[in-house]
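Next up, work32.csv (CSV, C-alpha atoms):
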chain,number,residue,atom,x,y,z
B,87,MET,CA,-0.7,12.2,13.7
B,88,LYS,CA,0.2,9.3,11.4
B,89,VAL,CA,-2.6,8.3,8.9
B,90,HIS,CA,-2.3,5.3,6.7
B,91,VAL,CA,-4.3,5.6,3.4
B,92,HIS,CA,-4.8,2.3,1.6
B,93,VAL,CA,-5.7,2.7,-2.0
B,94,SER,CA,-6.8,-0.4,-4.0
B,95,LEU,CA,-8.4,-1.0,-7.3
B,96,LYS,CA,-12.1,-1.8,-7.3
B,97,PRO,CA,-12.8,-5.5,-7.4
B,98,ASN,CA,-14.0,-5.5,-11.0
B,99,VAL,CA,-11.1,-3.5,-12.4
B,100,LEU,CA,-8.3,-5.4,-14.2
B,101,ASP,CA,-5.0,-5.3,-12.3
B,102,PRO,CA,-2.1,-6.0,-14.6
B,103,GLN,CA,0.5,-5.4,-11.8
B,104,GLY,CA,-1.2,-7.9,-9.6
B,105,ARG,CA,-1.3,-10.4,-12.4
B,106,ALA,CA,2.4,-9.9,-13.1
B,107,ILE,CA,3.2,-10.5,-9.4
B,108,HIS,CA,1.0,-13.6,-9.4
B,109,HIS,CA,2.8,-14.9,-12.5
B,110,ALA,CA,6.2,-14.2,-11.0
B,111,LEU,CA,5.4,-15.9,-7.7
B,112,GLU,CA,4.4,-19.0,-9.7
B,113,GLY,CA,7.6,-18.8,-11.7
B,114,LEU,CA,9.5,-18.8,-8.4
B,115,GLY,CA,7.8,-22.0,-7.4
B,116,PHE,CA,5.3,-20.7,-4.9
B,117,ASP,CA,2.2,-22.8,-5.1
B,118,GLY,CA,-1.2,-22.1,-3.6
B,119,VAL,CA,-1.5,-18.5,-4.7
B,120,ASN,CA,-5.0,-17.9,-5.9
B,121,ASP,CA,-5.0,-14.2,-6.5
B,122,VAL,CA,-2.9,-11.1,-6.2
B,123,ARG,CA,-4.1,-7.5,-6.1
B,124,ALA,CA,-1.6,-4.6,-6.0
B,125,GLY,CA,-2.4,-1.3,-4.4
B,126,LYS,CA,-0.9,1.7,-2.8
B,127,MET,CA,-0.3,2.7,0.8
B,128,ILE,CA,0.3,6.3,1.6
B,129,VAL,CA,1.5,7.3,5.0
B,130,LEU,CA,0.6,10.9,5.9
B,131,ASP,CA,2.0,12.7,8.9
B,132,VAL,CA,-0.6,15.4,9.5
B,133,ALA,CA,-1.4,17.9,12.2
B,134,ASP,CA,-3.3,16.4,15.1
B,135,ASP,CA,-6.3,18.6,14.5
B,136,THR,CA,-6.9,17.4,10.9
B,137,SER,CA,-10.5,16.4,10.6
B,138,ASP,CA,-11.8,13.2,9.1
B,139,ALA,CA,-13.6,15.3,6.5
B,140,THR,CA,-10.3,16.8,5.4
B,141,LEU,CA,-8.6,13.5,5.2
B,142,ASP,CA,-11.5,12.2,3.1
B,143,GLU,CA,-11.2,15.2,0.8
B,144,MET,CA,-7.5,14.6,0.3
B,145,CYS,CA,-8.3,11.0,-0.8
B,146,ARG,CA,-11.1,12.1,-3.1
B,147,LYS,CA,-9.2,15.0,-4.7
B,148,LEU,CA,-5.7,13.5,-5.0
B,149,LEU,CA,-4.8,10.2,-3.5
B,150,ALA,CA,-7.4,7.9,-5.0
B,151,ASN,CA,-9.0,7.9,-8.5
B,152,MET,CA,-12.6,7.4,-7.4
B,153,VAL,CA,-13.5,6.0,-10.8
B,154,MET,CA,-11.5,2.8,-10.4
B,155,GLU,CA,-10.1,2.8,-6.9
B,156,ASN,CA,-11.3,2.5,-3.3
B,157,TYR,CA,-9.6,3.9,-0.3
B,158,ARG,CA,-9.5,3.2,3.4
B,159,ILE,CA,-8.2,5.6,6.0
B,160,GLU,CA,-6.6,4.2,9.1
B,161,LYS,CA,-5.3,6.4,11.9
B,162,ALA,CA,-2.2,5.1,13.4
B,163,GLY,CA,-2.2,7.5,16.3
J,1276,MET,CA,-6.6,-16.8,3.3
J,1277,LYS,CA,-6.1,-13.1,2.6
J,1278,VAL,CA,-2.7,-11.7,3.4
J,1279,HIS,CA,-1.9,-8.0,3.2
J,1280,VAL,CA,1.8,-7.2,2.6
J,1281,HIS,CA,2.7,-3.6,3.2
J,1282,VAL,CA,5.9,-2.5,1.5
J,1283,SER,CA,7.5,0.8,2.5
J,1284,LEU,CA,10.7,2.5,1.8
J,1285,LYS,CA,13.2,2.5,4.7
J,1286,PRO,CA,13.1,5.7,6.6
J,1287,ASN,CA,16.4,7.1,5.4
J,1288,VAL,CA,15.6,6.4,1.7
J,1289,LEU,CA,14.5,9.4,-0.4
J,1290,ASP,CA,10.9,9.1,-1.5
J,1291,PRO,CA,10.3,11.3,-4.6
J,1292,GLN,CA,6.7,9.9,-5.0
J,1293,GLY,CA,5.9,10.9,-1.4
J,1294,ARG,CA,7.4,14.4,-2.0
J,1295,ALA,CA,5.3,14.8,-5.1
J,1296,ILE,CA,2.2,13.9,-3.2
J,1297,HIS,CA,3.1,16.2,-0.4
J,1298,HIS,CA,3.7,19.1,-2.8
J,1299,ALA,CA,0.4,18.4,-4.6
J,1300,LEU,CA,-1.5,18.4,-1.3
J,1301,GLU,CA,-0.1,21.8,-0.4
J,1302,GLY,CA,-0.9,23.0,-3.9
J,1303,LEU,CA,-4.5,22.0,-3.3
J,1304,GLY,CA,-4.6,24.1,-0.2
J,1305,PHE,CA,-4.3,21.4,2.5
J,1306,ASP,CA,-2.3,22.7,5.4
J,1307,GLY,CA,-0.8,20.9,8.3
J,1308,VAL,CA,0.8,18.1,6.3
J,1309,ASN,CA,4.2,17.4,7.7
J,1310,ASP,CA,5.4,14.4,5.7
J,1311,VAL,CA,4.2,11.9,3.1
J,1312,ARG,CA,5.7,8.5,2.4
J,1313,ALA,CA,4.4,6.4,-0.4
J,1314,GLY,CA,4.4,2.6,-0.3
J,1315,LYS,CA,2.8,-0.5,-1.8
J,1316,MET,CA,0.1,-2.8,-0.5
J,1317,ILE,CA,-0.1,-6.2,-2.0
J,1318,VAL,CA,-3.1,-8.4,-1.2
J,1319,LEU,CA,-2.4,-12.1,-1.7
J,1320,ASP,CA,-5.1,-14.7,-1.6
J,1321,VAL,CA,-3.2,-17.8,-0.7
J,1322,ALA,CA,-4.0,-21.4,0.4
J,1323,ASP,CA,-4.9,-21.6,4.1
J,1324,ASP,CA,-1.9,-23.9,4.8
J,1325,THR,CA,0.7,-21.4,3.6
J,1326,SER,CA,3.3,-21.0,6.3
J,1327,ASP,CA,4.6,-17.8,7.7
J,1328,ALA,CA,8.1,-18.8,6.4
J,1329,THR,CA,6.7,-19.1,2.9
J,1330,LEU,CA,5.1,-15.7,3.1
J,1331,ASP,CA,8.3,-14.3,4.3
J,1332,GLU,CA,10.2,-15.9,1.5
J,1333,MET,CA,7.8,-14.4,-1.1
J,1334,CYS,CA,8.5,-10.9,0.4
J,1335,ARG,CA,12.2,-11.3,0.4
J,1336,LYS,CA,12.5,-12.9,-3.0
J,1337,LEU,CA,10.0,-10.8,-4.9
J,1338,LEU,CA,7.6,-8.4,-3.2
J,1339,ALA,CA,10.1,-6.2,-1.4
J,1340,ASN,CA,13.6,-4.9,-2.3
J,1341,MET,CA,15.3,-5.6,0.9
J,1342,VAL,CA,18.1,-3.1,0.2
J,1343,MET,CA,15.7,-0.1,0.4
J,1344,GLU,CA,12.4,-1.4,1.5
J,1345,ASN,CA,10.8,-2.8,4.6
J,1346,TYR,CA,7.8,-5.1,4.6
J,1347,ARG,CA,5.1,-6.0,7.1
J,1348,ILE,CA,2.8,-9.1,6.7
J,1349,GLU,CA,-0.7,-8.8,8.1
J,1350,LYS,CA,-3.1,-11.8,7.9
J,1351,ALA,CA,-6.6,-10.7,7.2
J,1352,GLY,CA,-8.1,-14.1,7.9
Could you take the file, read its structure, and then write that structure out as structure tokens?
Amino acid sequence: MKVHVHVSLKPNVLDPQGRAIHHALEGLGFDGVNDVRAGKMIVLDVADDTSDATLDEMCRKLLANMVMENYRIEKAG
Amino acid sequence: MKVHVHVSLKPNVLDPQGRAIHHALEGLGFDGVNDVRAGKMIVLDVADDTSDATLDEMCRKLLANMVMENYRIEKAG
């Protein structure tokens, strides 16, 4: 089973990587960009019987830093 | 308009970050993990009239390294 975990910084946390991308896009002449936030996507290939609770635990223990990041789990089937 | 850009390594490219995550998950006692691939997610807040071609150009010029990465654009409305 493929599981996509999207990890993003909480909205009130400064995102220097996102700012750098924003700045670079403007430097390349792309107008109309209001904001850029950078995050991670982790694709797990796990056993089909892996429970939601286990996936949640993986995120909380390792994949996301719960102090400053949010995560979203999406099962890709 | 919010646009999510998912950037992932091409399947045949070695992914040391993914391997490290895989190893760490096993070290934490999570069984049944077959593979882990790490990627990036970039959330752009762009003007509503931004064309698909412009988004594509952003990805090709800056967000993804087309030699070793694939990207997928998902409009979040």
Practice item. Using all atoms listed in the file, find which residues of chain B lie within 8 Å of chain J and jot them down as an MDAnalysis selection string. Key: chainID B and resid 92 104 107 110:111 116 118:133 136 144 148:149
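Between CA of Arg146 (chain B) and CA of Leu95 (chain B) lies a distance of 14.0 Å.
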Practice item. May I ask for the distance between CA of Glu1344 (chain J) and CA of Leu1289 (chain J), given in Å to one decimal place? Key: 11.2 Å
Review point. What is the CA of Cys1334 (chain J) to CA of His109 (chain B) distance in Å?
Key: 14.7 Å
